[in-house]
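This is protein_34.txt (compact mmCIF, C-alpha atoms).
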```
# COMPACT_ATOMS: atom_id res chain seq x y z
CA GLU M 1484 -64.97 69.52 1.59
CA ALA M 1485 -64.57 72.05 4.39
CA VAL M 1486 -67.26 74.69 4.61
CA GLY M 1487 -66.38 78.19 5.73
CA GLU M 1488 -69.20 80.13 7.32
CA GLY M 1489 -68.88 83.86 7.03
CA GLY M 1490 -68.88 85.95 10.14
CA LYS M 1491 -68.38 89.56 11.04
CA ASP M 1492 -64.69 89.26 11.82
CA GLY M 1493 -63.78 85.85 10.43
CA PHE M 1494 -64.85 82.36 9.45
CA GLU M 1495 -65.55 79.03 11.12
CA ILE M 1496 -64.13 76.08 9.20
CA THR M 1497 -65.49 72.58 9.62
CA GLY M 1498 -64.44 69.51 7.65
CA ARG M 1499 -61.62 67.05 7.08
CA LYS M 1500 -58.83 66.43 4.60
CA MET M 1501 -56.98 63.18 3.97
CA TRP M 1502 -53.54 62.55 2.41
CA ILE M 1503 -51.76 65.60 3.84
CA SER M 1504 -47.98 65.28 3.72
CA ALA M 1505 -46.05 66.37 6.83
CA GLY M 1506 -49.37 67.11 8.54
CA SER M 1507 -48.20 66.08 12.00
CA VAL M 1508 -45.25 68.49 12.06
CA CYS M 1509 -46.84 71.55 10.46
CA ASP M 1510 -47.11 74.95 12.11
CA TYR M 1511 -49.56 76.25 9.51
CA VAL M 1512 -51.86 74.72 6.90
CA VAL M 1513 -53.41 76.29 3.81
CA VAL M 1514 -57.06 75.27 3.66
CA ALA M 1515 -59.39 75.44 0.66
CA ALA M 1516 -62.84 76.06 2.13
CA VAL M 1517 -66.23 76.49 0.51
CA THR M 1518 -67.35 80.00 1.42
CA ASP M 1519 -70.16 80.26 -1.15
CA PRO M 1520 -71.80 76.83 -1.72
CA THR M 1521 -73.97 78.03 -4.62
CA LYS M 1522 -71.09 79.28 -6.77
CA GLY M 1523 -69.23 76.04 -7.49
CA SER M 1524 -65.51 76.54 -8.13
CA LYS M 1525 -65.95 80.29 -7.69
CA GLY M 1526 -67.17 79.73 -4.16
CA ILE M 1527 -63.86 78.36 -2.84
CA SER M 1528 -61.48 80.50 -0.76
CA LEU M 1529 -58.04 79.86 0.72
CA PHE M 1530 -57.12 80.38 4.36
CA VAL M 1531 -53.97 80.10 6.45
CA VAL M 1532 -54.84 78.14 9.59
CA GLU M 1533 -52.41 77.96 12.51
CA ALA M 1534 -51.95 74.44 13.86
CA ASP M 1535 -52.53 75.56 17.46
CA ARG M 1536 -56.04 76.88 16.80
CA LYS M 1537 -58.86 75.28 18.79
CA GLY M 1538 -60.67 72.61 16.80
CA PHE M 1539 -57.74 71.70 14.57
CA GLU M 1540 -56.47 68.16 15.02
CA VAL M 1541 -54.17 65.66 13.38
CA ALA M 1542 -56.67 62.81 13.63
CA LYS M 1543 -54.63 60.02 12.09
CA ARG M 1544 -51.22 59.18 10.66
CA VAL M 1545 -51.46 56.55 7.95
CA ALA M 1546 -48.89 53.80 7.35
CA LYS M 1547 -47.43 53.83 3.83
CA ILE M 1548 -45.29 51.33 1.94
CA GLY M 1549 -42.84 54.08 1.00
CA LYS M 1550 -41.96 57.76 1.35
CA HIS M 1551 -41.24 57.21 5.03
CA ALA M 1552 -39.32 60.46 5.40
CA SER M 1553 -42.62 62.33 5.14
CA ASP M 1554 -45.68 61.43 7.17
CA THR M 1555 -49.18 61.45 5.69
CA CYS M 1556 -52.14 62.43 7.83
CA LEU M 1557 -55.85 62.99 8.17
CA LEU M 1558 -56.54 66.52 9.38
CA THR M 1559 -59.86 67.50 10.94
CA PHE M 1560 -61.40 70.92 11.52
CA ASP M 1561 -64.17 71.26 14.08
CA ARG M 1562 -65.51 74.81 13.97
CA VAL M 1563 -62.02 76.26 13.70
CA TRP M 1564 -62.33 80.02 13.85
CA VAL M 1565 -59.94 82.08 11.71
CA PRO M 1566 -59.91 85.86 11.32
CA LYS M 1567 -60.70 87.34 7.93
CA GLU M 1568 -57.08 88.50 7.68
CA ASN M 1569 -56.09 84.84 7.26
CA MET M 1570 -57.78 84.65 3.87
CA ILE M 1571 -55.33 84.40 0.97
CA GLY M 1572 -56.33 86.71 -1.86
CA SER M 1573 -60.00 87.56 -2.21
CA ARG M 1574 -63.13 85.62 -1.40
CA GLY M 1575 -63.95 83.03 -4.08
CA ASP M 1576 -60.46 83.22 -5.61
CA GLY M 1577 -59.19 79.97 -4.08
CA PHE M 1578 -59.71 77.62 -7.00
CA ARG M 1579 -57.95 79.96 -9.43
CA LEU M 1580 -54.99 80.28 -7.08
CA LEU M 1581 -54.74 76.50 -6.73
CA MET M 1582 -54.80 75.99 -10.49
CA THR M 1583 -52.13 78.64 -11.01
CA ASN M 1584 -49.50 76.51 -9.28
CA LEU M 1585 -50.65 73.10 -10.49
CA SER M 1586 -48.36 72.97 -13.53
CA LYS M 1587 -45.39 74.01 -11.39
CA GLU M 1588 -46.18 71.23 -8.93
CA ARG M 1589 -46.34 68.63 -11.70
CA LEU M 1590 -43.06 69.86 -13.14
CA SER M 1591 -41.39 69.56 -9.73
CA ILE M 1592 -42.61 65.95 -9.49
CA ALA M 1593 -41.20 65.29 -12.97
CA ILE M 1594 -37.82 66.74 -12.00
CA GLY M 1595 -37.58 64.54 -8.90
CA SER M 1596 -38.62 61.43 -10.80
CA ALA M 1597 -36.17 62.03 -13.64
CA ALA M 1598 -33.37 62.47 -11.10
CA SER M 1599 -34.44 59.30 -9.31
CA ALA M 1600 -34.33 57.30 -12.54
CA ARG M 1601 -30.83 58.56 -13.33
CA ARG M 1602 -29.63 57.74 -9.82
CA VAL M 1603 -31.00 54.20 -9.95
CA LEU M 1604 -29.35 53.63 -13.32
CA ALA M 1605 -25.98 54.78 -11.95
CA LEU M 1606 -26.31 52.52 -8.89
CA THR M 1607 -27.15 49.55 -11.08
CA VAL M 1608 -24.32 50.12 -13.56
CA ASN M 1609 -21.90 50.21 -10.63
CA TYR M 1610 -23.39 47.05 -9.12
CA VAL M 1611 -23.42 44.88 -12.26
CA GLN M 1612 -19.82 45.79 -13.03
CA GLY M 1613 -18.73 44.40 -9.66
CA ARG M 1614 -21.15 41.48 -9.31
CA ARG M 1615 -19.43 38.22 -10.29
CA ALA M 1616 -21.30 35.30 -11.85
CA PHE M 1617 -20.76 32.77 -14.62
CA GLY M 1618 -17.02 33.36 -14.56
CA GLY M 1619 -17.19 37.15 -14.93
CA SER M 1620 -19.16 40.27 -14.03
CA ILE M 1621 -22.84 40.19 -14.94
CA GLY M 1622 -22.26 43.57 -16.56
CA GLY M 1623 -20.46 41.66 -19.30
CA LEU M 1624 -23.69 39.93 -20.34
CA GLN M 1625 -25.24 41.40 -23.47
CA SER M 1626 -28.79 41.18 -22.09
CA VAL M 1627 -27.77 43.25 -19.07
CA GLN M 1628 -25.99 45.81 -21.20
CA THR M 1629 -28.99 46.10 -23.54
CA THR M 1630 -31.41 46.61 -20.65
CA LEU M 1631 -29.32 49.38 -19.15
CA ALA M 1632 -28.60 51.01 -22.52
CA ARG M 1633 -32.32 51.20 -23.31
CA LEU M 1634 -32.98 52.78 -19.93
CA ARG M 1635 -30.23 55.31 -20.56
CA VAL M 1636 -31.76 56.29 -23.91
CA GLU M 1637 -35.17 56.80 -22.30
CA ILE M 1638 -33.77 58.69 -19.33
CA ASP M 1639 -31.73 61.02 -21.55
CA SER M 1640 -34.79 61.69 -23.74
CA CYS M 1641 -37.01 62.30 -20.70
CA THR M 1642 -34.44 64.62 -19.12
CA SER M 1643 -34.27 66.70 -22.31
CA PHE M 1644 -38.02 67.21 -22.30
CA VAL M 1645 -38.11 68.03 -18.58
CA ASP M 1646 -35.26 70.52 -19.08
CA ARG M 1647 -37.28 72.17 -21.85
CA CYS M 1648 -40.23 72.47 -19.48
CA ILE M 1649 -37.98 74.08 -16.86
CA VAL M 1650 -37.00 76.73 -19.39
CA GLU M 1651 -40.66 77.30 -20.29
CA GLN M 1652 -41.54 77.64 -16.60
CA ALA M 1653 -38.74 80.18 -16.07
CA ARG M 1654 -40.15 82.19 -18.98
CA GLY M 1655 -43.70 81.92 -17.64
CA LYS M 1656 -44.81 79.91 -20.68
CA LEU M 1657 -45.22 76.38 -19.28
CA SER M 1658 -48.52 74.95 -20.50
CA ALA M 1659 -50.74 72.53 -18.59
CA GLU M 1660 -50.24 69.99 -21.38
CA SER M 1661 -46.42 70.11 -21.27
CA ALA M 1662 -46.38 69.87 -17.47
CA SER M 1663 -48.74 66.89 -17.60
CA ILE M 1664 -46.65 65.13 -20.25
CA ALA M 1665 -43.47 65.71 -18.23
CA LYS M 1666 -45.09 64.37 -15.07
CA TYR M 1667 -46.45 61.28 -16.83
CA LEU M 1668 -43.22 60.58 -18.72
CA ALA M 1669 -40.83 61.01 -15.79
CA THR M 1670 -42.85 59.21 -13.11
CA ASP M 1671 -43.62 56.23 -15.34
CA LEU M 1672 -39.98 56.01 -16.35
CA ALA M 1673 -38.71 56.26 -12.75
CA HIS M 1674 -40.86 53.31 -11.72
CA LYS M 1675 -39.91 51.32 -14.82
CA THR M 1676 -36.22 51.98 -14.19
CA ALA M 1677 -36.42 50.97 -10.53
CA ASN M 1678 -38.33 47.82 -11.43
CA GLN M 1679 -35.91 46.66 -14.12
CA CYS M 1680 -32.83 47.60 -12.11
CA LEU M 1681 -34.09 45.74 -9.03
CA GLN M 1682 -34.28 42.64 -11.24
CA LEU M 1683 -30.60 43.04 -12.08
CA PHE M 1684 -29.75 43.29 -8.38
CA GLY M 1685 -31.35 39.87 -7.91
CA GLY M 1686 -32.34 38.81 -4.40
CA TYR M 1687 -30.16 41.54 -2.91
CA GLY M 1688 -32.40 44.14 -4.57
CA TYR M 1689 -35.40 42.86 -2.63
CA LEU M 1690 -33.79 43.63 0.73
CA LYS M 1691 -34.80 46.81 2.53
CA ASN M 1692 -31.18 47.92 2.89
CA SER M 1693 -30.30 47.49 -0.79
CA PRO M 1694 -29.51 50.70 -2.73
CA VAL M 1695 -32.36 50.14 -5.18
CA ALA M 1696 -35.15 48.98 -2.83
CA ARG M 1697 -36.13 52.41 -1.55
CA HIS M 1698 -36.25 53.81 -5.08
CA PHE M 1699 -38.47 50.90 -6.12
CA VAL M 1700 -41.00 51.57 -3.36
CA ASP M 1701 -40.88 55.37 -3.47
CA SER M 1702 -41.20 55.57 -7.26
CA ARG M 1703 -44.72 54.15 -7.22
CA VAL M 1704 -46.70 56.93 -5.57
CA PRO M 1705 -45.58 59.86 -7.81
CA ARG M 1706 -47.66 58.23 -10.54
CA ILE M 1707 -50.67 58.92 -8.29
CA TYR M 1708 -50.17 62.25 -6.50
CA GLY M 1709 -50.15 65.57 -8.27
CA GLY M 1710 -52.86 64.11 -10.51
CA ALA M 1711 -52.98 60.44 -11.47
CA ASN M 1712 -51.09 59.61 -14.66
CA GLU M 1713 -54.35 58.60 -16.36
CA VAL M 1714 -55.48 62.19 -15.86
CA MET M 1715 -52.17 63.45 -17.26
CA LEU M 1716 -52.85 61.52 -20.47
CA GLU M 1717 -56.33 62.99 -20.71
CA ILE M 1718 -54.91 66.51 -20.43
CA ALA M 1719 -52.28 65.65 -23.06
CA SER M 1720 -55.02 64.40 -25.40
CA ARG M 1721 -56.48 67.90 -25.58
CA GLY M 1722 -53.50 68.92 -27.70
CA LEU M 1723 -54.72 66.36 -30.23
CA GLY M 1724 -58.08 68.06 -30.48
CA PHE M 1725 -60.01 65.91 -28.01
CA ARG M 1726 -62.22 67.49 -25.39
CA PRO M 1727 -63.51 66.05 -22.10
CA GLN M 1728 -66.83 64.32 -22.59
CA ARG M 1729 -69.62 65.76 -20.51
CA PHE M 1730 -72.16 63.22 -19.35
CA ARG M 1731 -75.67 64.40 -18.59
CA ARG M 1732 -78.20 62.36 -16.76
CA ASN M 1733 -81.11 61.42 -18.99
CA LYS M 1734 -84.27 62.16 -17.07
CA THR M 1735 -86.58 60.59 -19.66
CA ARG M 1736 -87.63 56.98 -19.27
CA ASN M 1737 -85.91 54.46 -21.51
CA PRO M 1738 -88.60 53.30 -23.99
CA ARG M 1739 -87.15 49.79 -23.88
CA SER M 1740 -87.27 49.54 -20.12
CA LYS M 1741 -89.87 47.28 -18.62
CA MET M 1742 -92.59 48.65 -16.39
```

Whole structure, structure tokens version:
Amino acid sequence: EAVGEGGKDGFEITGRKMWISAGSVCDYVVVAAVTDPTKGSKGISLFVVEADRKGFEVAKRVAKIGKHASDTCLLTFDRVWVPKENMIGSRGDGFRLLMTNLSKERLSIAIGSAASARRVLALTVNYVQGRRAFGGSIGGLQSVQTTLARLRVEIDSCTSFVDRCIVEQARGKLSAESASIAKYLATDLAHKTANQCLQLFGGYGYLKNSPVARHFVDSRVPRIYGGANEVMLEIASRGLGFRPQRFRRNKTRNPRSKM
């Protein structure tokens, strides 16, 4: 939403951006600014903005339920002047540059989530084998074994698909659809795994210092950032022949409407 106003030697950027990770400790930020308001997506440019420039401010740090190792901030820009040399690429090329790395970002989220799911499963297997109840370890109960076995099957299947996407990315052939499927599959599975494994930890799993609690809380937000998982499914549907529906406002009066 920032607007860059062209000048002889640079630009003035004014606006704000919410949900910026590590915003309070940054030395530089990459800003997408509207430099040509009449050109839509082709009127967006990217700039490197130094954090010590006048008018730049970390206005607010928000409190989150998880991901505490990384802060999340509201950044504001009040007529922040940047020289034209700080522009990344050419004027109006910002949106294309952002889209170029979007699939890579979604794949990286999928990799982290798949690893998180596998780690939670390993922690839980170790716990249930040592937890004593009903005259033996709870890992000896068939219902527990079945729950963990099903998770293992899903995690192994997810990992195979994510690994295939890694190979495609290395070859420069990763599609937006595959990256979206990987992101949806891995993040949903990571949260499902943490949820079911916390149940097997019992009351201990609900404590902040339990091995599974942090995974449970942190596994929720990857389903939102990098593109909400509902959006990932919409992108995946395009491979089935569906196309986004364009809604146009009907300017004619509804004949059934009352005067």

(message) Could you list, as a VMD selection string, every residue within 9 Å of Arg1536 of chain M, counting only C-alpha atoms and ignoring same-chain residues fewer than 5 positions away?
(response) chain M and resid 1563 to 1565

(request) Quick one: everything within 9 Å of segment 1660-1670 of chain M, counting only C-alpha atoms, minus sequence neighbours fewer than 3 positions away in the same chain. Send it as an NGL selection string. (result) :M and (1585-1598 or 1600 or 1638 or 1641-1642 or 1644-1645 or 1648 or 1657 or 1673-1675 or 1702-1706 or 1709-1716 or 1718-1722)

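Interatomic distance, atom CA of Pro1566 of chain M to atom CA of Asp1492 of chain M: 5.9 Å.
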
(request) State, in Å with one decimal place, the distance from atom CA of Lys1656 of chain M to atom CA of Glu1717 of chain M. (result) 20.5 Å

(request) Between M:Thr1559, M:Thr1676, M:Thr1583, M:Gln1682, single out the one closest to Val1611 of chain M, counting all atoms listed in the file. (result) M:Gln1682

(request) In Å, rounded to a single decimal, give me how far atom CA of His1698 of chain M is from atom CA of His1551 of chain M. (result)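 One can read the atom CA of His1551 of chain M to atom CA of His1698 of chain M distance as 11.8 Å.
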
Contact residues around Val1695 of chain M with all atoms listed in the file at 10 Å, ignoring same-chain residues under 2 positions, as a compact mmCIF listing (two decimals) with C-alpha atoms, keeping the file's coordinate frame:
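Result file part_20.txt:
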```
# COMPACT_ATOMS: atom_id res chain seq x y z
CA ARG M 1602 -29.63 57.74 -9.82
CA VAL M 1603 -31.00 54.20 -9.95
CA LEU M 1604 -29.35 53.63 -13.32
CA LEU M 1606 -26.31 52.52 -8.89
CA THR M 1607 -27.15 49.55 -11.08
CA THR M 1676 -36.22 51.98 -14.19
CA ALA M 1677 -36.42 50.97 -10.53
CA ASN M 1678 -38.33 47.82 -11.43
CA CYS M 1680 -32.83 47.60 -12.11
CA LEU M 1681 -34.09 45.74 -9.03
CA GLN M 1682 -34.28 42.64 -11.24
CA PHE M 1684 -29.75 43.29 -8.38
CA TYR M 1687 -30.16 41.54 -2.91
CA GLY M 1688 -32.40 44.14 -4.57
CA TYR M 1689 -35.40 42.86 -2.63
CA LEU M 1690 -33.79 43.63 0.73
CA LYS M 1691 -34.80 46.81 2.53
CA ASN M 1692 -31.18 47.92 2.89
CA SER M 1693 -30.30 47.49 -0.79
CA ARG M 1697 -36.13 52.41 -1.55
CA HIS M 1698 -36.25 53.81 -5.08
CA PHE M 1699 -38.47 50.90 -6.12
CA VAL M 1700 -41.00 51.57 -3.36
```

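Using all atoms listed in the file, the nearest neighbour of Thr1518 of chain M within the list M:Thr1630, M:Ser1573, M:Ser1504, M:Thr1555 is M:Ser1573.
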
Around all listed atoms of segment 1690-1699 of chain M, padded 5 Å per side, what centre and edge lengths does the axis-aligned box have in Å to one decimal, as AutoDock Vina command-line options?
```
--center_x -34.0 --center_y 48.7 --center_z -1.6 --size_x 19.0 --size_y 20.2 --size_z 19.0
```

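Proximity of M:Arg1633, M:Gly1523, M:Val1531, M:Leu1683 to Ser1620 of chain M, computed with all atoms listed in the file, is greatest for M:Leu1683.
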